[in-house]
Amino acid sequence: MNILGSNNDRDNTKIPSTLPLLPVRDMILYPAMVIPLAVGREKSIKALEEAMTTNRLILVVAQKNVRVEDPSPDDIFSTGTVCEVLQILKMPDGTLKTLVEGVCRAQWTDFKLSDKGYVEVGVQVVNDKVEKTPETEAIMRNAISLFEQYVKLNPRIPIEVSIATGNINDPARLSDTIASHIGIKNEDKQEILELVDPIERLEKIIRILSSEIEILNIEQRIQKRVRNQMEKSQKEYYLNEQMKAIQKELQQKDDNQKDIDELRNKIENTPMPDQAREAAQKELARLEKMMPMSPEASVIRTYLEWIIDLPWEKSTTDNLDLKRAREILDKDHYGLEKVKERVLEYLAVLSRVKKIKGPILCFIGPPGVGKTSIAKSISKSLGRNFVRISMGGVRDEAEIRGHRRTYIGSLPGKIIQSMKKAGSNNPVFILDEIDKMGADWRGDPSAALLEVLDPEQNYAFGDHYLDVDFDLSKVMFITTANTMHNIPNTLLDRLEIIRFTGYTNEEKQKIASMFIIPKQTQQHGLSEKDLIIKPEALKDVIKNYTHEAGVRNLTREIANLCRKTAKELEMDKNLKQVIITSNNLDKYLGIPHFGREKIAENGIGVVTGLAWTEVGGETLTIEVNKMKGKGGLILTGQLGNVMKESAQAALTYIRSSAAKLGIDEDVFKEKDFHVHVPEGAVPKDGPSAGIALAAALASLCMEKPIKKGLAMTGEVTLRGRVLAIGGLKEKVLAAYREGINTVLFPESNKKDLADIPNDIQKKIKMIPVSHMDDVISLAIDHEKNKRLKKNGGNKK
């Protein structure tokens, strides 16, 4: 590229008034410059071809934004350079390579698209000729002098450019030549191009050169300082090596050797298995042979620190006093008898045999029922250390087993990290939310937990980072989950399941009175006399401001009352006490959050079913209607596949039993049935609504209503058998909350009645059923239907 240009003496007065336009990206072209261009845009190619067929002239203008593919008038600068096309070379991909030479400055007007597909603009040539005066000569010499200094400091510009510049006598050409070689932004180059007066251009270039020379001088000073520092570091390294050699001759130890001796003493004095000690000594021998500053030495030192810090044989002494343990568990938690009984059994066996393999308990229940908090109480009652890791969102097997030491920044897995944090080899170890684990291409963490949670294997747990077996058999593992569905069967097989059910409103009231209110008042700096919550107000808080199986939201609402009380007491010093009643509750907590609509009353084709959710039980209204059709079944309410199949099975049973139930079989040919479960935005699924669906269909076809105050749950088969379901306690609690007095449930679930509080069983009549015939005879109100018909006839 001949950027100095040629002696092109083309007469500027012969420049045509219109020329093809060639927009260019990231480049400013000055007159007298010869430069190659790569052209790929269709309009630009056509503009070059037009120039070659006419006078070889084209206007080259820089784009304001290089990302614009098809520039408009607003996207290009107003001043460019008229260029002569010297050569064009077509490339195999259809693009062009061209060589152009700048002729003169010009401003464009009348931007338009020609018939041939290229952009054509009007051209106004800029006259930049100037008379040469002594002042002009002085400015030119100053510019040449500064440019020579700039070239000496900038190794990217050949010295020949400086020599050639000194031979230029024209101020306009001198300014353009220097500007084309200075390493400045395109915006500054465009500003120089737009300056008409060559003297103004030279003055601007002089200012730029002065600034650039100062920057280059600073860069050189920085480079020199860095070079000197590197030489100093090399000198220090050489002297350090000499000092080590001298110390070795004098039998003196440097700091690195002292660290190695300290690590050796710790390895020898720390209780650990022989396998771990041998691995540590082997790595220590490698460390002695390495340079202290090498990356591998840092990796080995970190590994040895992990080996030394782990509690290989350090245990806490168990407190085996059963009465004390029971007192602690009762003090911290209300209810949860099964969990407390299991802990006391463990203590009793441990006191007799002194060493047993740690049990693997799994607490399953809705959020906020005390799964994690009772694990802390268990560690407190045993006198053991407590550690917890959350498994929610864990997708990488290395989170459990650790990374191999071949990776940079590798560490042991969460199991070994938590054991180090515990400081003993027999802590109470809780793995929270194991049903929230995932799996992807990095591995399945639940598969890694199979070894951790198997008493027959975890005495030799292998972490990839340690590469030495660690004994986890003394650890009491406790896992928690909200549901069993997402836990793999192989992992579930290793767990002892203990279910946590939702609390009744009465239980929540006792928990709030005994635990939550005293704890929250203390945390908010209140005494027992500062805040009084009346029992009826507490009932309203539970009923109208919370909707959960546990007590987390209840705790938040009580904390809210404590904050409001503290504020009132501080603002009014004469106020001695705040009493919360049902009448002023909304003043502190606002309008009720859960003013639920009352469930629809049972009637013809309307049945109350019972459902289980992760936050407890729910009542479910099932509505069935019929209209003219051909016996089709429409299902709405965002039902899942299992629930849809239950509806199909229920309809099949009713059709097969039509004669027995006194139903006209023509109704299944002449009518369509529409089954809808309200709250359509909420997904619903499961087989336990089978008998409710069948009862609703039977009621509609028989034109007899379902009894008031009755709800039901159970799976139905094609032959009408009623099968067992899960979550009976939660469903009965939901029925109790809605004031239902009779519940039909599968006879196979009679064993679950022991989990339902006695006071609720006294208020709700629990009727077991084994067949749909029992359901229909118990649920459908035959007498009421007769009365309705009779009254209707008289009225008419």
# chains A, B, ... in the order shown; residues from 1 in each chain; ligands from 1
>>> residues_around(residues="Val682 (chain A)", least_positions_apart="4", cutoff="9 Å", atoms="only C-alpha atoms", output="NGL selection string")
:A and (637-639 or 678)
>>> write_last_selection(atoms="C-alpha atoms", output="PDB file, in the first residue's frame")
ATOM      1  CA  GLY A 637     -60.297 -27.698  35.018  1.00  0.00           C
ATOM      2  CA  GLN A 638     -56.675 -28.436  34.004  1.00  0.00           C
ATOM      3  CA  LEU A 639     -56.844 -32.119  34.906  1.00  0.00           C
ATOM      4  CA  PRO A 678     -63.288 -25.385  39.599  1.00  0.00           C
TER       5      PRO A 678
END
>>> select_by_dssp(residues="region 567-638 of chain A", states="alpha helix (DSSP H)", output="list in words")
Lys567, Glu568, Leu569, Glu570, Met571, Leu585, Asp586, Lys587, Tyr588 and Leu589 of chain A
>>> write_last_selection(atoms="all heavy atoms", output="short mmCIF file (atom, residue, chain, number, x, y, z; two decimals), in the first residue's frame")
data_model
loop_
_atom_site.label_atom_id
_atom_site.label_comp_id
_atom_site.auth_asym_id
_atom_site.auth_seq_id
_atom_site.Cartn_x
_atom_site.Cartn_y
_atom_site.Cartn_z
N LYS A 567 -43.44 -0.65 67.63
CA LYS A 567 -43.53 0.71 67.09
C LYS A 567 -44.51 1.55 67.90
O LYS A 567 -44.24 2.71 68.25
CB LYS A 567 -43.97 0.65 65.62
CG LYS A 567 -43.95 2.01 64.94
CD LYS A 567 -44.57 1.95 63.56
CE LYS A 567 -46.09 1.92 63.69
NZ LYS A 567 -46.77 2.07 62.39
N GLU A 568 -45.68 0.97 68.24
CA GLU A 568 -46.68 1.73 69.00
C GLU A 568 -46.16 2.09 70.39
O GLU A 568 -46.36 3.21 70.86
CB GLU A 568 -47.98 0.91 69.11
CG GLU A 568 -48.79 0.89 67.83
CD GLU A 568 -50.20 0.40 68.08
OE1 GLU A 568 -50.57 0.22 69.25
OE2 GLU A 568 -50.95 0.22 67.09
N LEU A 569 -45.48 1.14 71.03
CA LEU A 569 -44.97 1.40 72.38
C LEU A 569 -43.89 2.47 72.36
O LEU A 569 -43.77 3.27 73.30
CB LEU A 569 -44.42 0.11 72.99
CG LEU A 569 -45.47 -0.98 73.32
CD1 LEU A 569 -44.77 -2.25 73.79
CD2 LEU A 569 -46.45 -0.50 74.38
N GLU A 570 -43.08 2.53 71.29
CA GLU A 570 -42.03 3.53 71.21
C GLU A 570 -42.57 4.91 70.86
O GLU A 570 -42.04 5.92 71.31
CB GLU A 570 -40.98 3.10 70.17
CG GLU A 570 -40.09 1.96 70.62
CD GLU A 570 -39.30 2.30 71.86
OE1 GLU A 570 -38.70 3.39 71.91
OE2 GLU A 570 -39.30 1.48 72.81
N MET A 571 -43.63 4.94 70.07
CA MET A 571 -44.18 6.23 69.65
C MET A 571 -45.06 6.86 70.75
O MET A 571 -45.17 8.08 70.84
CB MET A 571 -44.99 6.06 68.37
CG MET A 571 -44.13 5.70 67.15
SD MET A 571 -45.05 5.65 65.61
CE MET A 571 -45.39 7.39 65.36
N LEU A 585 -57.71 -6.80 64.85
CA LEU A 585 -56.67 -7.57 64.17
C LEU A 585 -56.33 -6.99 62.81
O LEU A 585 -55.16 -6.91 62.42
CB LEU A 585 -57.10 -9.04 64.04
CG LEU A 585 -56.08 -10.00 63.46
CD1 LEU A 585 -54.83 -10.07 64.33
CD2 LEU A 585 -56.69 -11.40 63.31
N ASP A 586 -57.39 -6.56 62.06
CA ASP A 586 -57.12 -6.03 60.72
C ASP A 586 -56.34 -4.72 60.76
O ASP A 586 -55.71 -4.32 59.78
CB ASP A 586 -58.43 -5.85 59.95
CG ASP A 586 -59.41 -4.95 60.69
OD1 ASP A 586 -59.14 -4.63 61.87
OD2 ASP A 586 -60.44 -4.58 60.10
N LYS A 587 -56.35 -4.00 61.90
CA LYS A 587 -55.57 -2.78 62.05
C LYS A 587 -54.08 -3.08 61.98
O LYS A 587 -53.29 -2.28 61.46
CB LYS A 587 -55.92 -2.11 63.39
CG LYS A 587 -55.04 -0.93 63.75
CD LYS A 587 -55.34 -0.44 65.15
CE LYS A 587 -54.33 0.61 65.59
NZ LYS A 587 -54.54 1.05 66.99
N TYR A 588 -53.68 -4.24 62.45
CA TYR A 588 -52.26 -4.60 62.50
C TYR A 588 -51.84 -5.45 61.30
O TYR A 588 -50.71 -5.30 60.82
CB TYR A 588 -51.97 -5.36 63.80
CG TYR A 588 -52.17 -4.52 65.04
CD1 TYR A 588 -53.37 -4.52 65.72
CD2 TYR A 588 -51.16 -3.71 65.53
CE1 TYR A 588 -53.57 -3.75 66.85
CE2 TYR A 588 -51.32 -2.95 66.66
CZ TYR A 588 -52.55 -2.96 67.32
OH TYR A 588 -52.71 -2.19 68.44
N LEU A 589 -52.71 -6.34 60.82
CA LEU A 589 -52.31 -7.25 59.75
C LEU A 589 -52.99 -6.93 58.42
O LEU A 589 -52.70 -7.59 57.41
CB LEU A 589 -52.64 -8.70 60.14
CG LEU A 589 -51.90 -9.25 61.36
CD1 LEU A 589 -52.28 -10.71 61.58
CD2 LEU A 589 -50.39 -9.12 61.21
#
>>> residues_around(residues="region 293-309 of chain A", least_positions_apart="6", cutoff="9 Å", atoms="only C-alpha atoms", output="JSON, numbers by chain")
{"A": [263, 266, 267, 270, 271, 272, 276, 277, 280, 281, 283, 284, 286, 287, 405, 408, 409, 410, 411, 412, 420, 423, 465, 466]}
>>> write_last_selection(atoms="N, CA, C and O atoms", output="tab-separated table (two decimals), in the first residue's frame")
chain	number	residue	atom	x	y	z
A	263	LEU	N	4.40	-29.57	58.87
A	263	LEU	CA	3.42	-30.49	58.28
A	263	LEU	C	3.73	-31.94	58.66
A	263	LEU	O	2.83	-32.73	58.97
A	266	LYS	N	2.60	-32.59	62.21
A	266	LYS	CA	1.14	-32.71	62.30
A	266	LYS	C	0.66	-34.05	61.77
A	266	LYS	O	-0.26	-34.66	62.33
A	267	ILE	N	1.27	-34.50	60.67
A	267	ILE	CA	0.87	-35.80	60.10
A	267	ILE	C	1.15	-36.93	61.10
A	267	ILE	O	0.35	-37.85	61.28
A	270	THR	N	-1.35	-36.38	64.30
A	270	THR	CA	-2.80	-36.39	64.10
A	270	THR	C	-3.30	-37.82	64.02
A	270	THR	O	-2.80	-38.61	63.21
A	271	PRO	N	-4.32	-38.19	64.84
A	271	PRO	CA	-4.88	-39.55	64.74
A	271	PRO	C	-5.57	-39.73	63.40
A	271	PRO	O	-6.48	-38.97	63.06
A	272	MET	N	-5.13	-40.69	62.62
A	272	MET	CA	-5.74	-40.98	61.33
A	272	MET	C	-5.41	-42.41	60.94
A	272	MET	O	-4.45	-43.01	61.46
A	276	ALA	N	-4.48	-43.20	55.25
A	276	ALA	CA	-4.43	-41.75	55.10
A	276	ALA	C	-3.03	-41.22	55.44
A	276	ALA	O	-2.52	-40.32	54.77
A	277	ARG	N	-2.39	-41.79	56.47
A	277	ARG	CA	-1.05	-41.33	56.85
A	277	ARG	C	-0.04	-41.62	55.75
A	277	ARG	O	0.82	-40.79	55.44
A	280	ALA	N	-0.51	-39.13	52.95
A	280	ALA	CA	0.00	-37.82	53.34
A	280	ALA	C	1.52	-37.78	53.30
A	280	ALA	O	2.12	-36.81	52.81
A	281	GLN	N	2.17	-38.83	53.80
A	281	GLN	CA	3.64	-38.87	53.80
A	281	GLN	C	4.19	-38.93	52.38
A	281	GLN	O	5.23	-38.33	52.07
A	283	GLU	N	2.77	-37.62	49.67
A	283	GLU	CA	2.64	-36.28	49.09
A	283	GLU	C	3.65	-35.32	49.71
A	283	GLU	O	4.16	-34.43	49.03
A	284	LEU	N	3.95	-35.48	51.01
A	284	LEU	CA	4.93	-34.62	51.67
A	284	LEU	C	6.31	-34.83	51.07
A	284	LEU	O	7.08	-33.88	50.89
A	286	ARG	N	6.94	-35.67	48.00
A	286	ARG	CA	6.93	-34.96	46.72
A	286	ARG	C	7.12	-33.47	46.92
A	286	ARG	O	7.80	-32.80	46.15
A	287	LEU	N	6.46	-32.92	47.97
A	287	LEU	CA	6.53	-31.49	48.24
A	287	LEU	C	7.96	-31.04	48.55
A	287	LEU	O	8.38	-29.95	48.14
A	405	ARG	N	-7.89	-34.05	41.85
A	405	ARG	CA	-6.87	-33.02	42.02
A	405	ARG	C	-6.20	-32.61	40.71
A	405	ARG	O	-5.37	-31.71	40.70
A	408	ILE	N	-7.75	-27.56	38.25
A	408	ILE	CA	-7.32	-26.36	38.96
A	408	ILE	C	-8.44	-25.92	39.91
A	408	ILE	O	-9.59	-25.85	39.53
A	409	GLY	N	-8.08	-25.61	41.14
A	409	GLY	CA	-9.06	-25.16	42.13
A	409	GLY	C	-9.96	-26.25	42.65
A	409	GLY	O	-11.03	-25.98	43.17
A	410	SER	N	-9.55	-27.51	42.50
A	410	SER	CA	-10.38	-28.62	42.98
A	410	SER	C	-10.46	-28.63	44.50
A	410	SER	O	-9.54	-28.17	45.19
A	411	LEU	N	-11.58	-29.16	45.01
A	411	LEU	CA	-11.84	-29.24	46.44
A	411	LEU	C	-12.58	-30.53	46.74
A	411	LEU	O	-13.17	-31.14	45.85
A	412	PRO	N	-12.59	-30.96	48.01
A	412	PRO	CA	-13.43	-32.12	48.36
A	412	PRO	C	-14.90	-31.79	48.17
A	412	PRO	O	-15.30	-30.63	48.05
A	420	LYS	N	-15.35	-31.76	58.05
A	420	LYS	CA	-14.31	-30.88	58.60
A	420	LYS	C	-14.94	-29.76	59.43
A	420	LYS	O	-14.46	-29.42	60.52
A	423	GLY	N	-16.08	-31.05	62.88
A	423	GLY	CA	-15.00	-31.22	63.86
A	423	GLY	C	-15.05	-32.54	64.60
A	423	GLY	O	-14.28	-32.75	65.54
A	465	TYR	N	-11.29	-36.14	45.68
A	465	TYR	CA	-10.18	-35.25	46.00
A	465	TYR	C	-9.21	-35.91	46.98
A	465	TYR	O	-8.00	-35.91	46.77
A	466	LEU	N	-9.74	-36.50	48.05
A	466	LEU	CA	-8.87	-37.13	49.05
A	466	LEU	C	-8.21	-38.38	48.51
A	466	LEU	O	-7.04	-38.66	48.79
>>> residues_around(residues="Pro31 (chain A)", least_positions_apart="6", cutoff="6 Å", atoms="only C-alpha atoms", output="PyMOL selection string")
chain A and resi 102-104
>>> select_by_dssp(residues="region 108-189 of chain A", states="strand (DSSP E)", output="MDAnalysis selection string")
chainID A and resid 108:113 119:125
>>> write_last_selection(atoms="all heavy atoms", output="compact mmCIF listing (two decimals), in the first residue's frame")
# COMPACT_ATOMS: atom_id res chain seq x y z
N TRP A 108 -20.91 15.90 -0.30
CA TRP A 108 -21.95 15.33 -1.15
C TRP A 108 -23.30 16.00 -0.90
O TRP A 108 -23.57 16.51 0.18
CB TRP A 108 -22.07 13.81 -0.94
CG TRP A 108 -22.44 13.40 0.47
CD1 TRP A 108 -21.59 13.07 1.46
CD2 TRP A 108 -23.75 13.30 1.01
NE1 TRP A 108 -22.26 12.76 2.60
CE2 TRP A 108 -23.60 12.89 2.35
CE3 TRP A 108 -25.03 13.51 0.51
CZ2 TRP A 108 -24.68 12.70 3.18
CZ3 TRP A 108 -26.12 13.32 1.34
CH2 TRP A 108 -25.95 12.91 2.66
N THR A 109 -24.15 15.97 -1.94
CA THR A 109 -25.53 16.47 -1.84
C THR A 109 -26.41 15.52 -2.65
O THR A 109 -25.90 14.68 -3.42
CB THR A 109 -25.65 17.89 -2.40
OG1 THR A 109 -25.23 17.88 -3.79
CG2 THR A 109 -24.80 18.88 -1.61
N ASP A 110 -27.72 15.64 -2.51
CA ASP A 110 -28.68 14.90 -3.34
C ASP A 110 -28.40 13.40 -3.34
O ASP A 110 -28.05 12.80 -4.36
CB ASP A 110 -28.68 15.42 -4.78
CG ASP A 110 -29.04 16.89 -4.85
OD1 ASP A 110 -29.78 17.33 -3.94
OD2 ASP A 110 -28.56 17.58 -5.75
N PHE A 111 -28.55 12.76 -2.19
CA PHE A 111 -28.37 11.31 -2.03
C PHE A 111 -29.56 10.60 -2.68
O PHE A 111 -30.72 10.81 -2.28
CB PHE A 111 -28.32 10.99 -0.52
CG PHE A 111 -28.00 9.57 -0.19
CD1 PHE A 111 -26.73 9.19 0.21
CD2 PHE A 111 -28.98 8.57 -0.24
CE1 PHE A 111 -26.45 7.89 0.54
CE2 PHE A 111 -28.71 7.27 0.07
CZ PHE A 111 -27.43 6.92 0.47
N LYS A 112 -29.27 9.78 -3.71
CA LYS A 112 -30.38 9.09 -4.38
C LYS A 112 -29.88 7.76 -4.97
O LYS A 112 -28.69 7.58 -5.23
CB LYS A 112 -30.99 9.96 -5.48
CG LYS A 112 -30.04 10.29 -6.61
CD LYS A 112 -30.72 11.18 -7.64
CE LYS A 112 -29.74 11.51 -8.79
NZ LYS A 112 -30.38 12.36 -9.82
N LEU A 113 -30.84 6.86 -5.19
CA LEU A 113 -30.54 5.54 -5.76
C LEU A 113 -30.78 5.60 -7.25
O LEU A 113 -31.88 5.94 -7.72
CB LEU A 113 -31.44 4.47 -5.12
CG LEU A 113 -31.17 3.03 -5.52
CD1 LEU A 113 -29.79 2.59 -5.02
CD2 LEU A 113 -32.23 2.10 -4.96
N VAL A 119 -25.83 3.98 -5.38
CA VAL A 119 -26.18 5.29 -4.83
C VAL A 119 -25.38 6.36 -5.56
O VAL A 119 -24.15 6.25 -5.70
CB VAL A 119 -25.90 5.34 -3.32
CG1 VAL A 119 -26.17 6.74 -2.77
CG2 VAL A 119 -26.77 4.32 -2.59
N GLU A 120 -26.07 7.40 -6.02
CA GLU A 120 -25.43 8.51 -6.74
C GLU A 120 -25.66 9.78 -5.93
O GLU A 120 -26.74 10.01 -5.39
CB GLU A 120 -26.04 8.63 -8.13
CG GLU A 120 -25.32 9.64 -9.02
CD GLU A 120 -25.94 9.66 -10.40
OE1 GLU A 120 -27.16 9.93 -10.49
OE2 GLU A 120 -25.23 9.42 -11.37
N VAL A 121 -24.62 10.60 -5.81
CA VAL A 121 -24.72 11.84 -5.04
C VAL A 121 -24.15 13.00 -5.84
O VAL A 121 -23.32 12.82 -6.74
CB VAL A 121 -23.93 11.73 -3.70
CG1 VAL A 121 -24.57 10.73 -2.77
CG2 VAL A 121 -22.46 11.41 -3.95
N GLY A 122 -24.65 14.20 -5.50
CA GLY A 122 -24.05 15.40 -6.05
C GLY A 122 -22.73 15.70 -5.36
O GLY A 122 -22.57 15.40 -4.18
N VAL A 123 -21.78 16.29 -6.08
CA VAL A 123 -20.43 16.50 -5.54
C VAL A 123 -20.08 17.98 -5.61
O VAL A 123 -20.20 18.61 -6.68
CB VAL A 123 -19.38 15.67 -6.31
CG1 VAL A 123 -17.99 15.96 -5.79
CG2 VAL A 123 -19.70 14.19 -6.20
N GLN A 124 -19.64 18.54 -4.47
CA GLN A 124 -19.11 19.90 -4.40
C GLN A 124 -17.65 19.82 -3.97
O GLN A 124 -17.36 19.49 -2.82
CB GLN A 124 -19.91 20.74 -3.41
CG GLN A 124 -21.34 20.99 -3.84
CD GLN A 124 -22.10 21.85 -2.84
OE1 GLN A 124 -21.57 22.21 -1.80
NE2 GLN A 124 -23.34 22.18 -3.18
N VAL A 125 -16.73 20.09 -4.89
CA VAL A 125 -15.30 19.97 -4.61
C VAL A 125 -14.88 21.08 -3.66
O VAL A 125 -15.28 22.24 -3.81
CB VAL A 125 -14.47 20.02 -5.91
CG1 VAL A 125 -12.98 19.99 -5.61
CG2 VAL A 125 -14.86 18.87 -6.82
>>> closest_residue(among="A:Glu507, A:Glu496, A:Glu703, A:Glu212", to="Ala549 (chain A)", atoms="only C-alpha atoms")
A:Glu507
>>> atom_distance(atom1="CA of Glu341 (chain A)", atom2="CA of Ile378 (chain A)")
11.4 Å
>>> residues_around(residues="region 510-522 of chain A", least_positions_apart="6", cutoff="8 Å", atoms="only C-alpha atoms", output="list in words")
Asp332, His333, Tyr334, Glu528, Leu531, Leu554, Thr555, Ile558, Ala559 and Cys562 of chain A
>>> write_last_selection(atoms="N, CA, C and O atoms", output="PDB file, in the first residue's frame")
ATOM      1  N   ASP A 332     -38.539 -28.151  72.700  1.00  0.00           N
ATOM      2  CA  ASP A 332     -38.325 -27.469  71.417  1.00  0.00           C
ATOM      3  C   ASP A 332     -39.463 -27.663  70.430  1.00  0.00           C
ATOM      4  O   ASP A 332     -39.649 -26.846  69.529  1.00  0.00           O
ATOM      5  N   HIS A 333     -40.228 -28.779  70.552  1.00  0.00           N
ATOM      6  CA  HIS A 333     -41.243 -29.089  69.546  1.00  0.00           C
ATOM      7  C   HIS A 333     -42.499 -29.658  70.192  1.00  0.00           C
ATOM      8  O   HIS A 333     -42.424 -30.440  71.143  1.00  0.00           O
ATOM      9  N   TYR A 334     -43.630 -29.273  69.611  1.00  0.00           N
ATOM     10  CA  TYR A 334     -44.919 -29.803  70.055  1.00  0.00           C
ATOM     11  C   TYR A 334     -45.325 -30.942  69.117  1.00  0.00           C
ATOM     12  O   TYR A 334     -45.213 -30.834  67.896  1.00  0.00           O
ATOM     13  N   GLU A 528     -43.647 -10.280  78.234  1.00  0.00           N
ATOM     14  CA  GLU A 528     -44.932 -10.972  78.147  1.00  0.00           C
ATOM     15  C   GLU A 528     -46.104 -10.017  78.342  1.00  0.00           C
ATOM     16  O   GLU A 528     -47.186 -10.237  77.792  1.00  0.00           O
ATOM     17  N   LEU A 531     -47.303  -7.387  74.992  1.00  0.00           N
ATOM     18  CA  LEU A 531     -48.189  -7.830  73.903  1.00  0.00           C
ATOM     19  C   LEU A 531     -49.047  -8.986  74.393  1.00  0.00           C
ATOM     20  O   LEU A 531     -48.529 -10.017  74.831  1.00  0.00           O
ATOM     21  N   LEU A 554     -47.420 -18.435  59.793  1.00  0.00           N
ATOM     22  CA  LEU A 554     -47.944 -18.032  61.094  1.00  0.00           C
ATOM     23  C   LEU A 554     -46.858 -17.313  61.891  1.00  0.00           C
ATOM     24  O   LEU A 554     -47.121 -16.300  62.554  1.00  0.00           O
ATOM     25  N   THR A 555     -45.634 -17.817  61.830  1.00  0.00           N
ATOM     26  CA  THR A 555     -44.515 -17.166  62.510  1.00  0.00           C
ATOM     27  C   THR A 555     -44.292 -15.760  61.960  1.00  0.00           C
ATOM     28  O   THR A 555     -44.050 -14.809  62.712  1.00  0.00           O
ATOM     29  N   ILE A 558     -47.073 -13.403  63.269  1.00  0.00           N
ATOM     30  CA  ILE A 558     -46.872 -13.054  64.683  1.00  0.00           C
ATOM     31  C   ILE A 558     -45.698 -12.085  64.818  1.00  0.00           C
ATOM     32  O   ILE A 558     -45.734 -11.147  65.618  1.00  0.00           O
ATOM     33  N   ALA A 559     -44.642 -12.291  64.014  1.00  0.00           N
ATOM     34  CA  ALA A 559     -43.525 -11.334  64.012  1.00  0.00           C
ATOM     35  C   ALA A 559     -43.997  -9.957  63.557  1.00  0.00           C
ATOM     36  O   ALA A 559     -43.546  -8.923  64.077  1.00  0.00           O
ATOM     37  N   CYS A 562     -45.592  -8.312  66.447  1.00  0.00           N
ATOM     38  CA  CYS A 562     -44.572  -7.850  67.398  1.00  0.00           C
ATOM     39  C   CYS A 562     -43.940  -6.548  66.930  1.00  0.00           C
ATOM     40  O   CYS A 562     -43.690  -5.636  67.744  1.00  0.00           O
TER      41      CYS A 562
END
>>> closest_residue(among="A:Met27, A:Val66, A:Ile364, A:Ala172", to="Phe500 (chain A)", atoms="only C-alpha atoms")
A:Ile364
>>> residues_around(residues="Ile213 (chain A)", least_positions_apart="5", cutoff="9 Å", atoms="only C-alpha atoms", output="ChimeraX atom specification")
/A:146,149-150,153-154,208,218
>>> write_last_selection(atoms="N, CA and C atoms", output="PDB file, in the first residue's frame")
ATOM      1  N   LEU A 146       7.849  17.646  14.714  1.00  0.00           N
ATOM      2  CA  LEU A 146       7.105  16.814  15.679  1.00  0.00           C
ATOM      3  C   LEU A 146       6.838  15.431  15.102  1.00  0.00           C
ATOM      4  N   GLN A 149       9.842  13.240  15.503  1.00  0.00           N
ATOM      5  CA  GLN A 149       9.931  12.714  16.869  1.00  0.00           C
ATOM      6  C   GLN A 149       8.930  11.560  17.067  1.00  0.00           C
ATOM      7  N   TYR A 150       7.737  11.745  16.525  1.00  0.00           N
ATOM      8  CA  TYR A 150       6.687  10.728  16.671  1.00  0.00           C
ATOM      9  C   TYR A 150       7.113   9.412  16.022  1.00  0.00           C
ATOM     10  N   LEU A 153       9.633   7.500  18.100  1.00  0.00           N
ATOM     11  CA  LEU A 153       9.065   6.858  19.294  1.00  0.00           C
ATOM     12  C   LEU A 153       8.108   5.719  18.944  1.00  0.00           C
ATOM     13  N   ASN A 154       7.595   5.735  17.722  1.00  0.00           N
ATOM     14  CA  ASN A 154       6.605   4.722  17.315  1.00  0.00           C
ATOM     15  C   ASN A 154       7.262   3.736  16.368  1.00  0.00           C
ATOM     16  N   ILE A 208      -2.254  17.348  18.203  1.00  0.00           N
ATOM     17  CA  ILE A 208      -2.378  15.886  18.360  1.00  0.00           C
ATOM     18  C   ILE A 208      -0.998  15.246  18.518  1.00  0.00           C
ATOM     19  N   ILE A 218       5.673   8.399  28.032  1.00  0.00           N
ATOM     20  CA  ILE A 218       5.224   7.737  29.266  1.00  0.00           C
ATOM     21  C   ILE A 218       5.255   6.220  29.090  1.00  0.00           C
TER      22      ILE A 218
END
>>> closest_residue(among="A:Pro488, A:Gly370, A:Gly94, A:Gly383", to="Val339 (chain A)", atoms="only C-alpha atoms")
A:Gly370
>>> residues_around(residues="region 474-479 of chain A", least_positions_apart="6", cutoff="8 Å", atoms="only C-alpha atoms", output="PyMOL selection string")
chain A and resi 356-363+375+425-434+453
>>> closest_residue(among="A:Ile168, A:Leu89, A:Leu216, A:Val349", to="Lys152 (chain A)", atoms="only C-alpha atoms")
A:Leu216
